[in-house]
Structure formats: structure tokens, C-alpha cells
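Trainee: A single structure is presented below for examination.
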Amino acid sequence: MGRYILAKLGQSLFVVWAAYSLTFVLLYVLPYDTVDLMFDPSEAELVSDADKEAARAHYGLDQPVVVQYATRLFGALHGDFGHSVRTGENVWSMIFAVLPQTAILAGVALVLAVIVAFVIALSAAYTRSRWLSQAIASLPAAGVSVPVFLVGLAILQVFSFQLRWFPPIGNDGVASLVLPAVTLAIPVSAPIAQLLLKNFELGLSAPYVTVSVAKGASRLWVLVRDILKNASLPALTIAGLTLGNLLAGAVIVETIYSRSGLGRLTETAVRTQDVMLVQAVVVFAAIVFVVVNFVVDVIYPLLDPRLRTRVLAGTAPAAR
């Protein structure tokens, strides 16, 4: 088990390093000068070449690319990602200032997504009408195929501008959280529902279910009592995918509803080409991603006796 955990930890560290390195390379090859972005374009005539060179030397941008990478990587290992070239603030302070809003939005959206996924999967498995079951089972595919921004705009138009049930923008109170959370929950619930539908379908044909039905158990009892636990366990394996959908969707949702949060901060950083802030956000997202996956990788063998046996025997795969 110790070797298994060390292997997963090594993979996690590699992912974070790869995210940092790829971001550095992509930002370096972009066709712009970071120093030019530090100054207001309307005051470009007041900025001399000496001022630009001083700024370039201050941020270490006058060094060779290898030296820049090594210097920034050394600073990153100590938690120092520098300051925003747009505002001059410490990038971690900017991230943690807006993180609570995104965390609340993501948490509520995840709860709604899980509820919606289980309702869809249970409804499709419970009904004996073939056409109704197929209609319900097609909902996750629709949730994946429809763009998040289109869903957000449609919900915003109906429930804010026409019915006026919820405020269209802002972070003021619970009411302003409802529409963004629902918008974000729709694409997140789709892969969870698809996996549950598949597992319910396989579970209904399992021998132990046949025995339960022969003993007089109802279909609902079999689904909830016998199949639900086994069907839910593999859903842990898509925790990373779910987290990725939450982070990616937050950028769009917070922009649509004008919410201050990590997503909108990322959108602004990319739009203004704030190199330091973009790199810090990417690394932060990678750290959250690998931590969640690492926890899932460690917990899953404890919940699944079959995988636990393989881990203890040293035959478990290095990565799922």
C-alpha cells in the first residue's frame, strides 16, 4: 500500500510540474511584450525606453529564457509566483480573495449535479416504459452537447429578464447564486448520470438482483438497496473530470452572471495577458485537481475489496 501511495504522489507532483512548465512555454511564445502590458496604452508616449528596460530588469524579463524558467520555478517551489503585471498585487492574494465565492458556487453546483444525476439514473432504471426510459436516458447526452454559455443565456433570459424571479448579475445573497449554480450543475451532472445509467443497467442483470426479485423485492427496493451502492462506487473515478468541468464552467458562468470569483479573475487575466496571474491560476487548478484525484486513488481501494486485494498484492495498475 505504501508503494501504491508513493506512486500516486509521484504522478501528482509530475502533473503539477508539467502544468507549470507548459504554461510557462505557452506564455513565452505568445507574440507580445509583457512589459508593454504594464503601462496604460493612453500614456504610451510618456513611457520612455529606459522605463521599459527598468521594468524588464525588475521582473527578470531581460534574462535568457532558461534563466527565467529556473528562477520562476525556484520561486514557485517556495510559493512565490510574483506580482500581477496589471495591478502589482501579489497573485496569491488576488486568488485567495475571490476563491471563497467560486468555492461556494462550485460546492452548490456539485450538490445539485449529484442530485440531478441520481434522479435521472433512478428514474430511467425504475420506469418499465421503454420509450420513457430512453427519453430520460438521453438527457445527459443533451446536457453534454449544449454549450454552457448557451444554457446560461437561456436561463438568464427566462428566469431573470422575463419572470424576474432571480437577479441577473452579482454576488448579493442566496438568490444571486441560484441561476449560476443551476447553469454550472447541468454539464457537471451529465457524465455522472451517464456512468450511473450504465452501472444501473449492468446491475439489473446481475444474479444477486435476480435472487432479490425472486424473493419478492420491488424494483425500487432493488435499485436503492442492492444496486445503488455498487453503482455509486465507480462514480468516484470521475471526480477529476467533474472537478475539471467545475473549474472550466466557472470561467464561463461567472462571466455571464458578472460574479466576482476565480473564473472571472482567470478570464480577466487571460484577456489582459497578465502572465504571472495566469500561471498562478493554472498551477492552483492543477494542485486542486491532483489533490482530489490523489484522495480518490487512496480511498477507492479502501472501498473496493477487489482493488484493495490487487494493491496489497502489488498488481494494481499504476494509473486508472
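If you're wondering about the labels, chains in the C-alpha cells are A, B, ... by order shown, residues count from 1 in each chain, ligands from 1 in order shown.
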For Gly263 in chain A, list every protein, DNA or RNA residue within 12 Å, evaluated using only C-alpha atoms, and leave out those in the same chain fewer than 4 positions away; present the list as number ranges by chain.
Mentor: A: 95, 98-103, 105-106, 184, 245-259, 267-270, 278, 281-282, 285
Trainee: Compile the contact shell of Phe166 in chain A as a list of chain:residue names: residues with an atom at most 10 Å away, counting only C-alpha atoms, same-chain residues fewer than 6 positions apart removed.
Mentor: A:Leu156, A:Val158, A:Phe159, A:Ser160, A:Val174, A:Ala175, A:Ser176, A:Leu177, A:Val178, A:Leu179
Trainee: Those residues with N, CA and C atoms, as an mmCIF file, in the first residue's frame please?
Mentor:
```
data_model
loop_
_atom_site.group_PDB
_atom_site.id
_atom_site.type_symbol
_atom_site.label_atom_id
_atom_site.label_comp_id
_atom_site.auth_asym_id
_atom_site.auth_seq_id
_atom_site.Cartn_x
_atom_site.Cartn_y
_atom_site.Cartn_z
ATOM 1 N N LEU A 156 -30.847 32.789 -18.012
ATOM 2 C CA LEU A 156 -30.840 34.205 -17.643
ATOM 3 C C LEU A 156 -32.010 34.947 -18.276
ATOM 4 N N VAL A 158 -34.944 33.715 -19.337
ATOM 5 C CA VAL A 158 -36.253 33.268 -18.854
ATOM 6 C C VAL A 158 -36.486 33.680 -17.404
ATOM 7 N N PHE A 159 -35.560 33.325 -16.519
ATOM 8 C CA PHE A 159 -35.823 33.472 -15.084
ATOM 9 C C PHE A 159 -35.438 34.832 -14.517
ATOM 10 N N SER A 160 -34.622 35.597 -15.247
ATOM 11 C CA SER A 160 -34.249 36.929 -14.762
ATOM 12 C C SER A 160 -34.978 38.040 -15.505
ATOM 13 N N VAL A 174 -28.314 34.705 -1.483
ATOM 14 C CA VAL A 174 -28.583 33.368 -1.999
ATOM 15 C C VAL A 174 -29.279 33.428 -3.357
ATOM 16 N N ALA A 175 -30.155 34.404 -3.541
ATOM 17 C CA ALA A 175 -30.920 34.498 -4.789
ATOM 18 C C ALA A 175 -30.006 34.635 -6.006
ATOM 19 N N SER A 176 -28.910 35.376 -5.842
ATOM 20 C CA SER A 176 -27.992 35.566 -6.967
ATOM 21 C C SER A 176 -27.156 34.326 -7.248
ATOM 22 N N LEU A 177 -27.198 33.340 -6.348
ATOM 23 C CA LEU A 177 -26.408 32.116 -6.519
ATOM 24 C C LEU A 177 -27.179 31.030 -7.261
ATOM 25 N N VAL A 178 -28.508 31.117 -7.280
ATOM 26 C CA VAL A 178 -29.331 30.026 -7.800
ATOM 27 C C VAL A 178 -29.073 29.777 -9.280
ATOM 28 N N LEU A 179 -29.242 30.791 -10.108
ATOM 29 C CA LEU A 179 -29.096 30.599 -11.560
ATOM 30 C C LEU A 179 -27.674 30.191 -11.962
#
```
Trainee: Taking only C-alpha atoms into account, which of A:Leu73, A:Leu150, A:Leu139, A:Ala185 comes nearest Val114 in chain A?
Mentor: A:Ala185
Trainee: In terms of the shortest atom-to-atom distance over only C-alpha atoms, which of A:Pro140, A:Gly88, A:Gly107, A:Gly261 is closest to Ser189 in chain A?
Mentor: A:Pro140
Trainee: As a ChimeraX atom specification, please: all residues of range 38-213 of chain A that backbone DSSP puts in helix (DSSP H, G or I).
Mentor: /A:38,41-46,49-58,65-77,91-126,130-137,139-145,148-162,175-204,207-213
Trainee: So that I have them on file, write out the residues from the current selection with C-alpha atoms, as a CSV table (one decimal), in the first residue's frame.
Mentor:
```csv
chain,number,residue,atom,x,y,z
A,38,MET,CA,2.3,47.0,-17.7
A,41,PRO,CA,-1.8,52.5,-23.7
A,42,SER,CA,-3.2,56.0,-23.4
A,43,GLU,CA,0.0,57.1,-21.7
A,44,ALA,CA,2.4,55.2,-24.0
A,45,GLU,CA,4.1,58.5,-25.2
A,46,LEU,CA,5.0,59.3,-21.6
A,49,ASP,CA,12.5,53.1,-23.4
A,50,ALA,CA,14.6,53.4,-20.2
A,51,ASP,CA,11.4,52.9,-18.1
A,52,LYS,CA,10.6,49.8,-20.1
A,53,GLU,CA,14.1,48.4,-19.6
A,54,ALA,CA,13.9,49.1,-15.9
A,55,ALA,CA,10.6,47.3,-15.7
A,56,ARG,CA,12.0,44.4,-17.7
A,57,ALA,CA,15.1,44.2,-15.4
A,58,HIS,CA,12.9,44.3,-12.3
A,65,VAL,CA,14.5,32.1,-21.2
A,66,VAL,CA,16.3,29.2,-19.4
A,67,VAL,CA,17.3,31.5,-16.6
A,68,GLN,CA,13.8,32.9,-16.3
A,69,TYR,CA,12.3,29.5,-16.1
A,70,ALA,CA,14.8,28.3,-13.5
A,71,THR,CA,14.3,31.5,-11.4
A,72,ARG,CA,10.5,31.3,-11.5
A,73,LEU,CA,10.5,27.6,-10.8
A,74,PHE,CA,12.7,28.1,-7.8
A,75,GLY,CA,10.4,30.8,-6.6
A,76,ALA,CA,7.3,28.7,-7.3
A,77,LEU,CA,8.8,25.9,-5.2
A,91,VAL,CA,-1.0,36.9,-7.3
A,92,TRP,CA,-1.8,34.5,-4.4
A,93,SER,CA,-3.6,37.4,-2.5
A,94,MET,CA,-5.7,38.0,-5.6
A,95,ILE,CA,-6.6,34.3,-6.0
A,96,PHE,CA,-7.5,33.8,-2.3
A,97,ALA,CA,-9.5,37.0,-2.2
A,98,VAL,CA,-12.0,35.6,-4.8
A,99,LEU,CA,-11.7,31.9,-4.1
A,100,PRO,CA,-14.5,31.7,-1.5
A,101,GLN,CA,-17.1,32.9,-4.0
A,102,THR,CA,-16.0,30.3,-6.5
A,103,ALA,CA,-15.8,27.6,-3.8
A,104,ILE,CA,-19.4,28.3,-2.8
A,105,LEU,CA,-20.6,28.3,-6.4
A,106,ALA,CA,-18.8,25.1,-7.2
A,107,GLY,CA,-20.0,23.4,-4.0
A,108,VAL,CA,-23.6,24.2,-4.5
A,109,ALA,CA,-23.4,23.2,-8.2
A,110,LEU,CA,-21.7,19.9,-7.3
A,111,VAL,CA,-24.5,19.0,-4.9
A,112,LEU,CA,-27.2,19.9,-7.4
A,113,ALA,CA,-25.3,17.9,-10.1
A,114,VAL,CA,-25.2,14.8,-8.0
A,115,ILE,CA,-28.9,15.1,-7.1
A,116,VAL,CA,-29.9,15.6,-10.7
A,117,ALA,CA,-27.7,12.7,-11.9
A,118,PHE,CA,-29.2,10.3,-9.3
A,119,VAL,CA,-32.7,11.4,-10.1
A,120,ILE,CA,-32.2,10.8,-13.8
A,121,ALA,CA,-30.5,7.5,-13.4
A,122,LEU,CA,-33.0,6.1,-10.9
A,123,SER,CA,-36.0,7.4,-13.0
A,124,ALA,CA,-34.6,5.8,-16.2
A,125,ALA,CA,-33.9,2.5,-14.4
A,126,TYR,CA,-37.2,2.4,-12.4
A,130,ARG,CA,-39.1,1.6,-22.8
A,131,TRP,CA,-39.6,4.8,-24.7
A,132,LEU,CA,-39.8,6.9,-21.4
A,133,SER,CA,-36.6,5.2,-20.1
A,134,GLN,CA,-34.8,6.0,-23.4
A,135,ALA,CA,-36.1,9.6,-23.3
A,136,ILE,CA,-34.8,10.1,-19.7
A,137,ALA,CA,-31.5,8.4,-20.5
A,139,LEU,CA,-31.0,13.8,-21.1
A,140,PRO,CA,-27.3,13.5,-20.0
A,141,ALA,CA,-26.2,13.5,-23.7
A,142,ALA,CA,-28.1,16.7,-24.3
A,143,GLY,CA,-26.5,18.2,-21.2
A,144,VAL,CA,-23.1,17.5,-22.6
A,145,SER,CA,-23.8,18.7,-26.1
A,148,VAL,CA,-22.6,26.1,-21.1
A,149,PHE,CA,-22.8,29.7,-22.3
A,150,LEU,CA,-26.0,29.0,-24.3
A,151,VAL,CA,-27.6,27.3,-21.3
A,152,GLY,CA,-26.6,30.3,-19.1
A,153,LEU,CA,-28.0,32.8,-21.5
A,154,ALA,CA,-31.3,30.9,-21.9
A,155,ILE,CA,-31.8,30.6,-18.1
A,156,LEU,CA,-30.8,34.2,-17.6
A,157,GLN,CA,-33.4,35.3,-20.3
A,158,VAL,CA,-36.3,33.3,-18.9
A,159,PHE,CA,-35.8,33.5,-15.1
A,160,SER,CA,-34.2,36.9,-14.8
A,161,PHE,CA,-35.5,39.1,-17.6
A,162,GLN,CA,-38.9,37.6,-18.2
A,175,ALA,CA,-30.9,34.5,-4.8
A,176,SER,CA,-28.0,35.6,-7.0
A,177,LEU,CA,-26.4,32.1,-6.5
A,178,VAL,CA,-29.3,30.0,-7.8
A,179,LEU,CA,-29.1,30.6,-11.6
A,180,PRO,CA,-25.3,30.4,-11.8
A,181,ALA,CA,-25.3,27.1,-9.7
A,182,VAL,CA,-28.0,25.6,-11.9
A,183,THR,CA,-26.2,26.6,-15.1
A,184,LEU,CA,-22.9,25.1,-13.8
A,185,ALA,CA,-24.6,21.9,-12.5
A,186,ILE,CA,-26.1,20.9,-15.8
A,187,PRO,CA,-22.9,20.0,-17.7
A,188,VAL,CA,-21.3,18.6,-14.5
A,189,SER,CA,-24.3,16.2,-13.8
A,190,ALA,CA,-24.2,14.8,-17.4
A,191,PRO,CA,-21.1,12.5,-17.0
A,192,ILE,CA,-22.2,11.4,-13.6
A,193,ALA,CA,-25.6,10.5,-14.8
A,194,GLN,CA,-24.2,8.6,-17.8
A,195,LEU,CA,-22.0,6.5,-15.6
A,196,LEU,CA,-24.8,5.7,-13.2
A,197,LEU,CA,-27.1,4.8,-16.0
A,198,LYS,CA,-24.6,2.3,-17.3
A,199,ASN,CA,-24.0,0.8,-13.8
A,200,PHE,CA,-27.7,0.6,-13.1
A,201,GLU,CA,-28.2,-1.3,-16.4
A,202,LEU,CA,-25.5,-3.7,-15.5
A,203,GLY,CA,-26.7,-4.1,-12.0
A,204,LEU,CA,-30.3,-5.0,-13.1
A,207,PRO,CA,-27.5,-12.6,-10.5
A,208,TYR,CA,-27.9,-11.2,-7.0
A,209,VAL,CA,-30.6,-8.9,-8.3
A,210,THR,CA,-32.4,-11.8,-9.8
A,211,VAL,CA,-32.4,-13.5,-6.5
A,212,SER,CA,-33.8,-10.4,-4.7
A,213,VAL,CA,-36.6,-10.1,-7.3
```
Trainee: Counting only C-alpha atoms, figure out which residue out of A:Leu243, A:Gly173, A:Phe24, A:Asp62 gets nearest to Ala286 in chain A.
Mentor: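 Smallest distance to Ala286 in chain A is found for A:Leu243.
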Trainee: Any idea what the distance is between CA of Gln63 in chain A and CA of Leu265 in chain A?
Mentor: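 So the two atoms, CA of Gln63 in chain A and CA of Leu265 in chain A, lie 28.4 Å apart.
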Trainee: Rank nothing, just name the residue among A:Ser138, A:Thr127, A:Thr87, A:Ser21 nearest to Leu277 in chain A, using only C-alpha atoms.
Mentor: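 Once distances to Leu277 in chain A are computed over only C-alpha atoms, the minimum belongs to A:Thr87.
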Trainee: Give me, please, the distance in Å between CA of His83 in chain A and CA of Gly60 in chain A, quoted to one decimal.
Mentor: 12.4 Å
Trainee: Give me, please, the distance in Å between CA of Gln279 in chain A and CA of Asn293 in chain A, quoted to one decimal.
Mentor: 21.1 Å
